[in-house]
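Q: Just one file: query-v6.tsv, with TSV, C-alpha atoms.
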```
chain	number	residue	atom	x	y	z
A	1	MET	CA	-40.91	65.83	-63.79
A	2	ARG	CA	-38.81	62.67	-64.01
A	3	ALA	CA	-38.84	59.40	-65.93
A	4	ARG	CA	-40.49	57.55	-63.05
A	5	ASP	CA	-43.44	59.96	-63.17
A	6	LEU	CA	-44.07	59.27	-66.85
A	7	ALA	CA	-43.27	55.54	-67.02
A	8	ALA	CA	-46.34	53.46	-67.86
A	9	PRO	CA	-46.82	49.74	-68.44
A	10	TYR	CA	-45.76	48.70	-71.94
A	11	PRO	CA	-45.89	45.29	-73.62
A	12	THR	CA	-42.63	43.36	-73.66
A	13	VAL	CA	-41.47	40.06	-75.08
A	14	HIS	CA	-38.43	37.94	-74.23
A	15	ALA	CA	-35.68	37.73	-76.84
A	16	ASP	CA	-35.81	33.93	-76.75
A	17	ALA	CA	-39.60	33.67	-76.96
A	18	PRO	CA	-41.20	32.25	-80.11
A	19	ALA	CA	-41.64	34.86	-82.86
A	20	VAL	CA	-45.34	34.05	-83.07
A	21	ASP	CA	-45.70	35.23	-79.46
A	22	ALA	CA	-44.45	38.65	-80.56
A	23	ALA	CA	-47.00	38.74	-83.38
A	24	ARG	CA	-49.79	37.76	-80.99
A	25	ILE	CA	-48.78	40.34	-78.35
A	26	LEU	CA	-48.55	43.07	-81.02
A	27	THR	CA	-52.06	42.36	-82.30
A	28	GLU	CA	-53.51	42.13	-78.78
A	29	ALA	CA	-51.77	45.25	-77.50
A	30	GLY	CA	-52.51	47.36	-80.58
A	31	ARG	CA	-49.04	48.95	-80.34
A	32	PRO	CA	-46.67	49.78	-83.20
A	33	ALA	CA	-43.76	48.05	-81.46
A	34	LEU	CA	-42.77	45.84	-78.54
A	35	VAL	CA	-39.86	46.20	-76.14
A	36	VAL	CA	-37.62	43.13	-76.17
A	37	VAL	CA	-36.18	42.13	-72.77
A	38	ASP	CA	-33.47	39.69	-71.67
A	39	ASP	CA	-33.42	37.15	-68.81
A	40	HIS	CA	-33.12	39.97	-66.25
A	41	ASP	CA	-36.15	41.72	-67.79
A	42	HIS	CA	-33.68	44.38	-68.88
A	43	PRO	CA	-34.84	46.08	-72.10
A	44	THR	CA	-32.45	45.45	-74.97
A	45	ALA	CA	-34.20	46.25	-78.24
A	46	ILE	CA	-37.33	47.49	-79.93
A	47	LEU	CA	-39.28	45.23	-82.27
A	48	PRO	CA	-41.41	47.28	-84.69
A	49	ALA	CA	-44.54	45.54	-85.93
A	50	SER	CA	-43.45	46.43	-89.46
A	51	GLN	CA	-40.45	44.15	-88.91
A	52	VAL	CA	-42.80	41.22	-88.24
A	53	LEU	CA	-44.46	42.03	-91.57
A	54	ARG	CA	-41.06	41.88	-93.27
A	55	PHE	CA	-40.84	38.26	-92.15
A	56	VAL	CA	-44.41	37.34	-92.96
A	57	ILE	CA	-44.62	38.90	-96.42
A	58	PRO	CA	-42.51	37.08	-99.02
A	59	ARG	CA	-39.59	39.02	-100.43
A	60	TYR	CA	-40.94	39.02	-104.01
A	61	ILE	CA	-44.18	40.67	-102.87
A	62	GLN	CA	-42.30	43.30	-100.84
A	63	ASP	CA	-40.33	44.09	-104.00
A	64	ASP	CA	-43.50	44.31	-106.09
A	65	PRO	CA	-46.61	44.82	-103.91
A	66	ALA	CA	-48.88	44.63	-106.96
A	67	LEU	CA	-48.18	40.87	-107.01
A	68	ALA	CA	-50.28	40.64	-103.85
A	69	ARG	CA	-53.34	41.07	-106.08
A	70	VAL	CA	-52.84	37.67	-107.66
A	71	VAL	CA	-52.15	35.53	-104.59
A	72	ASP	CA	-54.95	33.34	-103.26
A	73	GLU	CA	-56.55	32.60	-99.92
A	74	GLU	CA	-54.48	29.49	-99.36
A	75	PHE	CA	-51.35	31.58	-99.73
A	76	ALA	CA	-52.58	33.93	-97.01
A	77	ASP	CA	-53.31	30.97	-94.75
A	78	HIS	CA	-49.68	29.90	-94.87
A	79	MET	CA	-47.95	33.26	-94.63
A	80	CYS	CA	-47.46	32.94	-90.91
A	81	ASP	CA	-45.49	29.71	-91.41
A	82	SER	CA	-42.39	31.82	-91.95
A	83	LEU	CA	-42.48	32.69	-88.26
A	84	ALA	CA	-42.59	29.04	-87.16
A	85	GLY	CA	-39.60	27.87	-85.17
A	86	LYS	CA	-38.07	31.36	-85.10
A	87	THR	CA	-37.34	33.32	-81.95
A	88	VAL	CA	-37.95	37.01	-81.32
A	89	ALA	CA	-34.18	37.59	-81.46
A	90	GLU	CA	-34.15	36.24	-85.01
A	91	LEU	CA	-36.82	38.76	-86.03
A	92	LEU	CA	-34.87	41.79	-84.85
A	93	PRO	CA	-33.66	44.05	-87.64
A	94	ARG	CA	-29.91	44.45	-88.01
A	95	GLU	CA	-30.29	48.11	-88.89
A	96	GLY	CA	-33.35	48.77	-86.79
A	97	PRO	CA	-34.24	51.65	-84.51
A	98	LYS	CA	-32.14	51.81	-81.35
A	99	LEU	CA	-33.98	51.41	-78.06
A	100	VAL	CA	-33.32	54.36	-75.77
A	101	VAL	CA	-33.11	53.33	-72.11
A	102	VAL	CA	-33.42	55.89	-69.30
A	103	GLU	CA	-33.25	55.78	-65.51
A	104	PRO	CA	-35.98	56.78	-63.04
A	105	ASP	CA	-34.37	60.12	-62.09
A	106	ASP	CA	-33.73	61.32	-65.67
A	107	ASN	CA	-35.65	64.50	-66.32
A	108	VAL	CA	-38.29	65.09	-68.93
A	109	ILE	CA	-36.24	67.52	-71.05
A	110	GLU	CA	-33.32	65.08	-71.18
A	111	ILE	CA	-35.68	62.30	-72.28
A	112	ALA	CA	-37.23	64.59	-74.88
A	113	ALA	CA	-33.77	65.41	-76.22
A	114	LEU	CA	-32.93	61.70	-76.49
A	115	MET	CA	-36.21	60.97	-78.27
A	116	ALA	CA	-35.74	63.90	-80.63
A	117	GLY	CA	-32.14	62.99	-81.42
A	118	ASN	CA	-33.00	59.33	-82.09
A	119	ARG	CA	-36.39	60.06	-83.73
A	120	SER	CA	-37.62	57.53	-81.21
A	121	PRO	CA	-41.33	56.98	-80.53
A	122	LEU	CA	-40.57	55.25	-77.22
A	123	VAL	CA	-38.03	55.02	-74.40
A	124	ALA	CA	-37.78	52.23	-71.84
A	125	VAL	CA	-37.39	53.18	-68.16
A	126	VAL	CA	-35.33	50.80	-66.01
A	127	ASP	CA	-35.65	50.40	-62.27
A	128	GLY	CA	-32.09	51.11	-61.17
A	129	LYS	CA	-28.75	51.33	-62.92
A	130	GLY	CA	-26.65	49.02	-65.05
A	131	SER	CA	-27.21	46.28	-67.56
A	132	LYS	CA	-29.27	44.08	-65.21
A	133	ALA	CA	-31.81	46.70	-64.12
A	134	PRO	CA	-35.30	45.43	-65.00
A	135	MET	CA	-37.74	47.52	-66.99
A	136	MET	CA	-40.27	49.46	-64.92
A	137	GLY	CA	-42.23	50.82	-67.89
A	138	ALA	CA	-41.95	52.92	-70.97
A	139	ILE	CA	-42.62	56.49	-72.06
A	140	THR	CA	-44.23	57.08	-75.43
A	141	VAL	CA	-43.55	60.27	-77.34
A	142	ALA	CA	-47.22	61.28	-76.97
A	143	SER	CA	-47.16	60.92	-73.18
A	144	LEU	CA	-43.86	62.78	-73.07
A	145	LEU	CA	-45.29	65.67	-75.09
A	146	SER	CA	-48.21	65.80	-72.67
A	147	GLY	CA	-45.83	65.90	-69.71
A	148	LEU	CA	-43.63	68.50	-71.36
A	149	LEU	CA	-46.34	70.84	-72.60
A	150	PRO	CA	-49.19	70.48	-70.12
A	151	GLU	CA	-50.65	73.96	-70.16
A	152	ARG	CA	-48.45	75.72	-72.67
A	153	ILE	CA	-50.17	74.34	-75.68
A	154	THR	CA	-51.48	77.61	-77.08
A	155	ASP	CA	-49.75	79.71	-79.67
A	156	PRO	CA	-48.03	82.56	-77.81
A	157	GLY	CA	-47.38	84.34	-81.10
B	1	MET	CA	-60.02	41.79	-96.82
B	2	ARG	CA	-59.49	45.24	-98.30
B	3	ALA	CA	-58.27	48.67	-97.18
B	4	ARG	CA	-61.81	49.93	-96.66
B	5	ASP	CA	-62.45	47.13	-94.15
B	6	LEU	CA	-59.46	48.09	-92.05
B	7	ALA	CA	-59.56	51.88	-92.32
B	8	ALA	CA	-60.30	53.54	-88.98
B	9	PRO	CA	-60.53	57.18	-87.92
B	10	TYR	CA	-57.11	58.73	-87.39
B	11	PRO	CA	-56.14	62.24	-86.26
B	12	THR	CA	-55.16	64.63	-89.03
B	13	VAL	CA	-53.94	68.21	-89.20
B	14	HIS	CA	-53.89	70.67	-92.08
B	15	ALA	CA	-50.51	71.56	-93.54
B	16	ASP	CA	-51.21	75.28	-93.06
B	17	ALA	CA	-52.51	74.97	-89.48
B	18	PRO	CA	-50.46	76.44	-86.62
B	19	ALA	CA	-47.72	74.10	-85.40
B	20	VAL	CA	-49.05	74.33	-81.85
B	21	ASP	CA	-52.30	72.74	-83.08
B	22	ALA	CA	-50.30	69.70	-84.14
B	23	ALA	CA	-48.68	69.48	-80.70
B	24	ARG	CA	-52.07	69.75	-79.02
B	25	ILE	CA	-53.69	67.11	-81.25
B	26	LEU	CA	-50.75	64.75	-80.67
B	27	THR	CA	-51.02	65.02	-76.89
B	28	GLU	CA	-54.80	64.67	-76.94
B	29	ALA	CA	-54.84	61.73	-79.34
B	30	GLY	CA	-51.98	59.87	-77.68
B	31	ARG	CA	-50.65	58.82	-81.09
B	32	PRO	CA	-47.00	58.68	-82.20
B	33	ALA	CA	-47.75	60.65	-85.38
B	34	LEU	CA	-50.39	62.67	-87.22
B	35	VAL	CA	-51.41	62.52	-90.85
B	36	VAL	CA	-51.01	65.90	-92.58
B	37	VAL	CA	-53.71	66.75	-95.14
B	38	ASP	CA	-54.07	69.44	-97.81
B	39	ASP	CA	-57.04	71.65	-98.71
B	40	HIS	CA	-58.82	68.66	-100.30
B	41	ASP	CA	-58.30	66.64	-97.12
B	42	HIS	CA	-55.96	64.52	-99.20
B	43	PRO	CA	-53.19	63.00	-97.04
B	44	THR	CA	-49.76	64.30	-98.02
B	45	ALA	CA	-47.33	63.57	-95.19
B	46	ILE	CA	-46.80	62.05	-91.79
B	47	LEU	CA	-45.75	64.20	-88.85
B	48	PRO	CA	-44.03	62.11	-86.16
B	49	ALA	CA	-44.37	63.45	-82.62
B	50	SER	CA	-40.60	63.12	-82.31
B	51	GLN	CA	-40.32	65.77	-85.02
B	52	VAL	CA	-42.26	68.21	-82.84
B	53	LEU	CA	-39.74	67.51	-80.09
B	54	ARG	CA	-36.93	68.36	-82.50
B	55	PHE	CA	-38.43	71.83	-82.78
B	56	VAL	CA	-39.18	72.27	-79.10
B	57	ILE	CA	-35.85	71.06	-77.69
B	58	PRO	CA	-32.98	73.45	-78.41
B	59	ARG	CA	-30.26	72.12	-80.69
B	60	TYR	CA	-27.53	72.29	-78.04
B	61	ILE	CA	-29.53	70.05	-75.71
B	62	GLN	CA	-30.25	67.55	-78.49
B	63	ASP	CA	-26.53	67.41	-79.10
B	64	ASP	CA	-25.78	66.90	-75.41
B	65	PRO	CA	-28.88	65.71	-73.51
B	66	ALA	CA	-27.00	65.86	-70.19
B	67	LEU	CA	-27.28	69.68	-70.43
B	68	ALA	CA	-30.99	69.22	-69.75
B	69	ARG	CA	-30.06	68.57	-66.10
B	70	VAL	CA	-28.95	72.15	-65.60
B	71	VAL	CA	-31.82	74.06	-67.22
B	72	ASP	CA	-34.43	75.63	-65.01
B	73	GLU	CA	-38.21	75.79	-64.79
B	74	GLU	CA	-38.39	79.11	-66.60
B	75	PHE	CA	-36.54	77.56	-69.52
B	76	ALA	CA	-39.13	74.78	-69.70
B	77	ASP	CA	-41.91	77.36	-69.64
B	78	HIS	CA	-40.58	78.97	-72.79
B	79	MET	CA	-39.62	75.90	-74.80
B	80	CYS	CA	-42.90	75.92	-76.66
B	81	ASP	CA	-42.18	79.44	-77.95
B	82	SER	CA	-40.19	77.89	-80.78
B	83	LEU	CA	-43.47	76.64	-82.25
B	84	ALA	CA	-45.05	80.10	-82.23
B	85	GLY	CA	-45.94	81.49	-85.63
B	86	LYS	CA	-44.86	78.29	-87.39
B	87	THR	CA	-47.16	76.16	-89.53
B	88	VAL	CA	-47.41	72.38	-89.61
B	89	ALA	CA	-45.75	72.42	-93.04
B	90	GLU	CA	-42.70	74.11	-91.51
B	91	LEU	CA	-42.40	71.33	-88.93
B	92	LEU	CA	-42.26	68.54	-91.48
B	93	PRO	CA	-38.91	66.79	-91.70
B	94	ARG	CA	-37.08	67.04	-95.02
B	95	GLU	CA	-35.86	63.48	-94.69
B	96	GLY	CA	-38.84	62.13	-92.80
B	97	PRO	CA	-40.80	58.92	-93.19
B	98	LYS	CA	-42.86	58.75	-96.37
B	99	LEU	CA	-46.63	58.53	-95.99
B	100	VAL	CA	-47.99	55.50	-97.78
B	101	VAL	CA	-51.42	56.16	-99.34
B	102	VAL	CA	-53.69	53.29	-100.43
B	103	GLU	CA	-57.09	53.05	-102.08
B	104	PRO	CA	-60.22	51.38	-100.68
B	105	ASP	CA	-59.93	48.27	-102.87
B	106	ASP	CA	-56.27	47.55	-102.14
B	107	ASN	CA	-55.91	44.18	-100.47
B	108	VAL	CA	-54.44	43.47	-97.07
B	109	ILE	CA	-51.37	41.63	-98.36
B	110	GLU	CA	-50.51	44.48	-100.71
B	111	ILE	CA	-50.84	46.96	-97.85
B	112	ALA	CA	-48.71	44.74	-95.62
B	113	ALA	CA	-46.04	44.62	-98.33
B	114	LEU	CA	-46.04	48.42	-98.61
B	115	MET	CA	-45.77	48.81	-94.83
B	116	ALA	CA	-42.99	46.24	-94.61
B	117	GLY	CA	-41.04	47.79	-97.48
B	118	ASN	CA	-41.34	51.30	-96.06
B	119	ARG	CA	-41.00	50.24	-92.40
B	120	SER	CA	-44.17	52.25	-92.03
B	121	PRO	CA	-46.30	52.17	-88.86
B	122	LEU	CA	-49.29	53.64	-90.69
B	123	VAL	CA	-50.94	53.97	-94.12
B	124	ALA	CA	-53.62	56.48	-95.08
B	125	VAL	CA	-56.67	55.24	-96.99
B	126	VAL	CA	-58.22	57.66	-99.49
B	127	ASP	CA	-61.81	57.62	-100.66
B	128	GLY	CA	-61.33	57.38	-104.41
B	129	LYS	CA	-58.42	57.84	-106.78
B	130	GLY	CA	-56.04	60.66	-107.61
B	131	SER	CA	-54.39	63.51	-105.81
B	132	LYS	CA	-57.65	65.12	-104.66
B	133	ALA	CA	-59.21	62.03	-103.03
B	134	PRO	CA	-59.94	62.84	-99.38
B	135	MET	CA	-58.74	60.62	-96.57
B	136	MET	CA	-61.28	58.11	-95.27
B	137	GLY	CA	-59.13	56.79	-92.44
B	138	ALA	CA	-55.87	55.06	-91.68
B	139	ILE	CA	-54.58	51.58	-91.01
B	140	THR	CA	-52.03	51.09	-88.26
B	141	VAL	CA	-49.55	48.25	-88.45
B	142	ALA	CA	-51.10	46.65	-85.37
B	143	SER	CA	-54.59	46.63	-86.87
B	144	LEU	CA	-53.17	45.30	-90.12
B	145	LEU	CA	-51.41	42.45	-88.32
B	146	SER	CA	-54.72	41.62	-86.62
B	147	GLY	CA	-56.49	41.57	-89.96
B	148	LEU	CA	-53.76	39.55	-91.59
B	149	LEU	CA	-53.30	36.95	-88.89
B	150	PRO	CA	-56.70	36.63	-87.24
B	151	GLU	CA	-56.71	32.98	-86.24
B	152	ARG	CA	-53.32	31.81	-87.41
B	153	ILE	CA	-51.42	33.22	-84.54
B	154	THR	CA	-50.11	29.94	-83.09
B	155	ASP	CA	-46.74	28.40	-83.83
B	156	PRO	CA	-47.34	25.69	-86.40
B	157	GLY	CA	-43.78	24.43	-85.85
```
Would you put the structure from the file into structure tokens?

A:
Amino acid sequence: MRARDLAAPYPTVHADAPAVDAARILTEAGRPALVVVDDHDHPTAILPASQVLRFVIPRYIQDDPALARVVDEEFADHMCDSLAGKTVAELLPREGPKLVVVEPDDNVIEIAALMAGNRSPLVAVVDGKGSKAPMMGAITVASLLSGLLPERITDPG
Amino acid sequence: MRARDLAAPYPTVHADAPAVDAARILTEAGRPALVVVDDHDHPTAILPASQVLRFVIPRYIQDDPALARVVDEEFADHMCDSLAGKTVAELLPREGPKLVVVEPDDNVIEIAALMAGNRSPLVAVVDGKGSKAPMMGAITVASLLSGLLPERITDPG
């Protein structure tokens, strides 16, 4: 089994798109992260939804979450303002998870090894080789486990 | 909005269950992680699917994923053997992500702050207080973003 057999559609967002688009796509897709793509639709980064929260939630509340108990409704209404005028690229964490990119012919054990080594919940599959190859889909760790362990999922011990 | 309003069913596994059960539940549920619970059904840890891969994929292939290209079918058939006889507790990473546990009355901004601070994709919601309170569900970061930003998801800039 190869990457192309496991690649499935996955939500993406352009690096230069408005940050609020990323928030909207995350809520609509119900995924823990988006793949960020460049002008060639080549995947370049992963944007965890928790990173969007880091922008939306003021620093002093992140440092002391109990303060959230005393903020009011109006405060909540304006939280999203911190995303205004920002791009997706500006949201990306400096020390964030690395996006693993694989090619269509890469085999399932190689992909599993990459995911395990990077503790990655997701790899992007590109259609071709090189830095301009567009994304053809993604493989989540759950779908990879299914592909890897289809009928061997009983305890042989 | 409070934790109880956002809590939804989420797959769990007991700490003393066979490791292969965790692999099976992960593949069936299609989730990137499971919540590990103790004998009181109290949530104690998070088990990322990538951690299961770290057990299944031999160390030398994790160190050099290109070696995966030269292993054969029989090898793949026996990969799962490394899970045999192990419990879920034995799979848990020593330096893994911390499970954030919240109570039913905790508010959405407080939960968002905890998720942002811990870069957590998931919090467990317990039904009550203390270390014996059973899990009533979980909140994913995507569902939290939806709850936090229901109608404010346009760029006000």

Q: Between CA of Val20 in chain B and CA of Asp38 in chain B, what is the distance in Å, rounded to a tenth?

A: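 Those two atoms sit 17.4 Å apart.
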
Q: Where does chain A meet chain B within 7 Å, residue by residue, with the nearest atom pair and distance in Å to one decimal for each, counting all atoms listed in the file, listed by chain and rising number, as CSV?

A:
```
residue,atom,partner,partner_atom,distance
A:Val20,CA,B:Asp155,CA,5.9
A:Arg24,CA,B:Ile153,CA,6.0
A:Leu26,CA,B:Ala142,CA,6.2
A:Thr27,CA,B:Ser146,CA,5.1
A:Gly30,CA,B:Ala142,CA,5.0
A:Arg31,CA,B:Ala142,CA,5.9
A:Pro32,CA,B:Ala142,CA,5.8
A:Ala49,CA,B:Val141,CA,6.2
A:Ser50,CA,B:Ala116,CA,5.2
A:Gln51,CA,B:Ala116,CA,6.6
A:Leu53,CA,B:Ala116,CA,5.4
A:Arg54,CA,B:Ala116,CA,5.0
A:Ile57,CA,B:Ala113,CA,6.2
A:Ile61,CA,B:Ala113,CA,6.3
A:Gln62,CA,B:Ala113,CA,4.7
A:Pro65,CA,B:Glu110,CA,5.1
A:Ala66,CA,B:Glu110,CA,6.5
A:Ala68,CA,B:Glu110,CA,5.0
A:Arg69,CA,B:Asn107,CA,6.9
A:Cys80,CA,B:Arg152,CA,6.9
A:Asp81,CA,B:Pro156,CA,6.7
A:Ala84,CA,B:Gly157,CA,4.9
A:Gly85,CA,B:Gly157,CA,5.5
A:Asn107,CA,B:Arg69,CA,6.9
A:Ile109,CA,B:Ala68,CA,5.7
A:Glu110,CA,B:Ala68,CA,5.0
A:Ala112,CA,B:Leu53,CA,6.5
A:Ala113,CA,B:Gln62,CA,4.7
A:Leu114,CA,B:Pro65,CA,6.4
A:Met115,CA,B:Ser50,CA,6.3
A:Ala116,CA,B:Arg54,CA,5.0
A:Gly117,CA,B:Gln62,CA,5.7
A:Arg119,CA,B:Ser50,CA,5.4
A:Ser120,CA,B:Ser50,CA,6.4
A:Pro121,CA,B:Pro32,CA,6.2
A:Val141,CA,B:Pro32,CA,6.2
A:Ala142,CA,B:Gly30,CA,5.0
A:Ser143,CA,B:Gly30,CA,6.7
A:Leu145,CA,B:Thr27,CA,6.0
A:Ser146,CA,B:Thr27,CA,5.1
A:Arg152,CA,B:Cys80,CA,6.8
A:Ile153,CA,B:Arg24,CA,6.0
A:Thr154,CA,B:Val20,CA,6.3
A:Asp155,CA,B:Ala84,CA,5.4
A:Pro156,CA,B:Ala84,CA,5.9
A:Gly157,CA,B:Ala84,CA,5.0
```

Q: Find, counting all atoms listed in the file, the residue in A:Val123, A:Met136, A:Val13, A:Ala7 that gets nearest to Pro97 in chain A.

A: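 Closest to Pro97 in chain A, using all atoms listed in the file: A:Val123.
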
Q: Box time for range 52-68 of chain B: axis-aligned, enclosing all its listed atoms, 8 Å extra on each side; report centre and edge lengths in Å to one decimal, as JSON.

A:
```
{"center_x": -34.0, "center_y": 69.6, "center_z": -76.3, "size_x": 32.5, "size_y": 23.7, "size_z": 29.1}
```

Q: Is it possible to get the superposed chain A, fitted on chain B over all Cα pairs by sequence order, as a CSV table (one decimal) with C-alpha atoms, in the coordinates of the input?

A:
```
chain,number,residue,atom,x,y,z
A,1,MET,CA,-60.0,41.8,-96.8
A,2,ARG,CA,-59.5,45.3,-98.3
A,3,ALA,CA,-58.3,48.7,-97.2
A,4,ARG,CA,-61.8,49.9,-96.6
A,5,ASP,CA,-62.5,47.1,-94.2
A,6,LEU,CA,-59.4,48.1,-92.0
A,7,ALA,CA,-59.6,51.9,-92.3
A,8,ALA,CA,-60.3,53.5,-89.0
A,9,PRO,CA,-60.5,57.2,-87.9
A,10,TYR,CA,-57.1,58.7,-87.4
A,11,PRO,CA,-56.1,62.2,-86.3
A,12,THR,CA,-55.2,64.6,-89.0
A,13,VAL,CA,-53.9,68.2,-89.2
A,14,HIS,CA,-53.9,70.7,-92.1
A,15,ALA,CA,-50.5,71.6,-93.5
A,16,ASP,CA,-51.2,75.3,-93.1
A,17,ALA,CA,-52.5,75.0,-89.5
A,18,PRO,CA,-50.5,76.4,-86.6
A,19,ALA,CA,-47.7,74.1,-85.4
A,20,VAL,CA,-49.1,74.3,-81.9
A,21,ASP,CA,-52.3,72.7,-83.1
A,22,ALA,CA,-50.3,69.7,-84.1
A,23,ALA,CA,-48.7,69.5,-80.7
A,24,ARG,CA,-52.1,69.8,-79.0
A,25,ILE,CA,-53.7,67.1,-81.2
A,26,LEU,CA,-50.8,64.8,-80.7
A,27,THR,CA,-51.0,65.1,-76.9
A,28,GLU,CA,-54.8,64.7,-76.9
A,29,ALA,CA,-54.9,61.8,-79.4
A,30,GLY,CA,-52.0,59.9,-77.7
A,31,ARG,CA,-50.6,58.8,-81.1
A,32,PRO,CA,-47.0,58.7,-82.2
A,33,ALA,CA,-47.8,60.7,-85.4
A,34,LEU,CA,-50.4,62.7,-87.2
A,35,VAL,CA,-51.4,62.5,-90.9
A,36,VAL,CA,-51.0,65.9,-92.6
A,37,VAL,CA,-53.7,66.8,-95.1
A,38,ASP,CA,-54.1,69.5,-97.8
A,39,ASP,CA,-57.0,71.7,-98.7
A,40,HIS,CA,-58.8,68.7,-100.3
A,41,ASP,CA,-58.3,66.6,-97.1
A,42,HIS,CA,-56.0,64.5,-99.2
A,43,PRO,CA,-53.2,63.0,-97.0
A,44,THR,CA,-49.8,64.3,-98.0
A,45,ALA,CA,-47.3,63.6,-95.2
A,46,ILE,CA,-46.8,62.0,-91.8
A,47,LEU,CA,-45.8,64.2,-88.8
A,48,PRO,CA,-44.0,62.1,-86.1
A,49,ALA,CA,-44.4,63.5,-82.6
A,50,SER,CA,-40.6,63.1,-82.3
A,51,GLN,CA,-40.3,65.8,-85.0
A,52,VAL,CA,-42.3,68.2,-82.8
A,53,LEU,CA,-39.7,67.5,-80.1
A,54,ARG,CA,-36.9,68.4,-82.5
A,55,PHE,CA,-38.4,71.8,-82.8
A,56,VAL,CA,-39.2,72.3,-79.1
A,57,ILE,CA,-35.9,71.1,-77.7
A,58,PRO,CA,-33.0,73.4,-78.4
A,59,ARG,CA,-30.3,72.1,-80.7
A,60,TYR,CA,-27.5,72.3,-78.0
A,61,ILE,CA,-29.5,70.0,-75.7
A,62,GLN,CA,-30.3,67.5,-78.5
A,63,ASP,CA,-26.5,67.4,-79.1
A,64,ASP,CA,-25.8,66.9,-75.4
A,65,PRO,CA,-28.9,65.7,-73.5
A,66,ALA,CA,-27.0,65.8,-70.2
A,67,LEU,CA,-27.3,69.7,-70.4
A,68,ALA,CA,-31.0,69.2,-69.8
A,69,ARG,CA,-30.0,68.6,-66.1
A,70,VAL,CA,-28.9,72.1,-65.6
A,71,VAL,CA,-31.8,74.0,-67.2
A,72,ASP,CA,-34.4,75.6,-65.0
A,73,GLU,CA,-38.2,75.8,-64.8
A,74,GLU,CA,-38.4,79.1,-66.6
A,75,PHE,CA,-36.6,77.5,-69.5
A,76,ALA,CA,-39.1,74.8,-69.7
A,77,ASP,CA,-41.9,77.3,-69.6
A,78,HIS,CA,-40.6,79.0,-72.8
A,79,MET,CA,-39.6,75.9,-74.8
A,80,CYS,CA,-42.9,75.9,-76.7
A,81,ASP,CA,-42.2,79.4,-78.0
A,82,SER,CA,-40.2,77.9,-80.8
A,83,LEU,CA,-43.5,76.6,-82.3
A,84,ALA,CA,-45.1,80.1,-82.2
A,85,GLY,CA,-45.9,81.5,-85.6
A,86,LYS,CA,-44.9,78.3,-87.4
A,87,THR,CA,-47.2,76.2,-89.5
A,88,VAL,CA,-47.4,72.4,-89.6
A,89,ALA,CA,-45.7,72.4,-93.0
A,90,GLU,CA,-42.7,74.1,-91.5
A,91,LEU,CA,-42.4,71.3,-88.9
A,92,LEU,CA,-42.3,68.5,-91.5
A,93,PRO,CA,-38.9,66.8,-91.7
A,94,ARG,CA,-37.1,67.0,-95.0
A,95,GLU,CA,-35.8,63.4,-94.7
A,96,GLY,CA,-38.8,62.1,-92.8
A,97,PRO,CA,-40.8,58.9,-93.2
A,98,LYS,CA,-42.8,58.7,-96.4
A,99,LEU,CA,-46.6,58.5,-96.0
A,100,VAL,CA,-48.0,55.5,-97.8
A,101,VAL,CA,-51.4,56.2,-99.3
A,102,VAL,CA,-53.7,53.3,-100.4
A,103,GLU,CA,-57.1,53.0,-102.1
A,104,PRO,CA,-60.2,51.4,-100.7
A,105,ASP,CA,-60.0,48.3,-102.9
A,106,ASP,CA,-56.3,47.5,-102.1
A,107,ASN,CA,-55.9,44.2,-100.5
A,108,VAL,CA,-54.4,43.5,-97.1
A,109,ILE,CA,-51.4,41.6,-98.3
A,110,GLU,CA,-50.5,44.5,-100.7
A,111,ILE,CA,-50.8,47.0,-97.8
A,112,ALA,CA,-48.7,44.7,-95.6
A,113,ALA,CA,-46.0,44.6,-98.3
A,114,LEU,CA,-46.0,48.4,-98.6
A,115,MET,CA,-45.8,48.8,-94.8
A,116,ALA,CA,-43.0,46.2,-94.6
A,117,GLY,CA,-41.0,47.8,-97.5
A,118,ASN,CA,-41.3,51.3,-96.1
A,119,ARG,CA,-41.0,50.2,-92.4
A,120,SER,CA,-44.2,52.3,-92.0
A,121,PRO,CA,-46.3,52.2,-88.9
A,122,LEU,CA,-49.3,53.6,-90.7
A,123,VAL,CA,-50.9,54.0,-94.1
A,124,ALA,CA,-53.6,56.5,-95.1
A,125,VAL,CA,-56.7,55.2,-97.0
A,126,VAL,CA,-58.2,57.7,-99.5
A,127,ASP,CA,-61.8,57.6,-100.6
A,128,GLY,CA,-61.3,57.4,-104.4
A,129,LYS,CA,-58.4,57.8,-106.8
A,130,GLY,CA,-56.0,60.7,-107.6
A,131,SER,CA,-54.4,63.5,-105.8
A,132,LYS,CA,-57.7,65.1,-104.6
A,133,ALA,CA,-59.2,62.0,-103.0
A,134,PRO,CA,-59.9,62.8,-99.4
A,135,MET,CA,-58.7,60.6,-96.6
A,136,MET,CA,-61.3,58.1,-95.3
A,137,GLY,CA,-59.1,56.8,-92.4
A,138,ALA,CA,-55.9,55.1,-91.7
A,139,ILE,CA,-54.6,51.6,-91.0
A,140,THR,CA,-52.0,51.1,-88.3
A,141,VAL,CA,-49.5,48.3,-88.4
A,142,ALA,CA,-51.1,46.7,-85.3
A,143,SER,CA,-54.6,46.6,-86.9
A,144,LEU,CA,-53.2,45.3,-90.1
A,145,LEU,CA,-51.4,42.5,-88.3
A,146,SER,CA,-54.7,41.6,-86.6
A,147,GLY,CA,-56.5,41.6,-90.0
A,148,LEU,CA,-53.7,39.5,-91.6
A,149,LEU,CA,-53.3,37.0,-88.9
A,150,PRO,CA,-56.7,36.6,-87.2
A,151,GLU,CA,-56.7,33.0,-86.2
A,152,ARG,CA,-53.3,31.8,-87.4
A,153,ILE,CA,-51.4,33.2,-84.5
A,154,THR,CA,-50.1,30.0,-83.1
A,155,ASP,CA,-46.8,28.4,-83.8
A,156,PRO,CA,-47.4,25.7,-86.4
A,157,GLY,CA,-43.8,24.4,-85.9
```
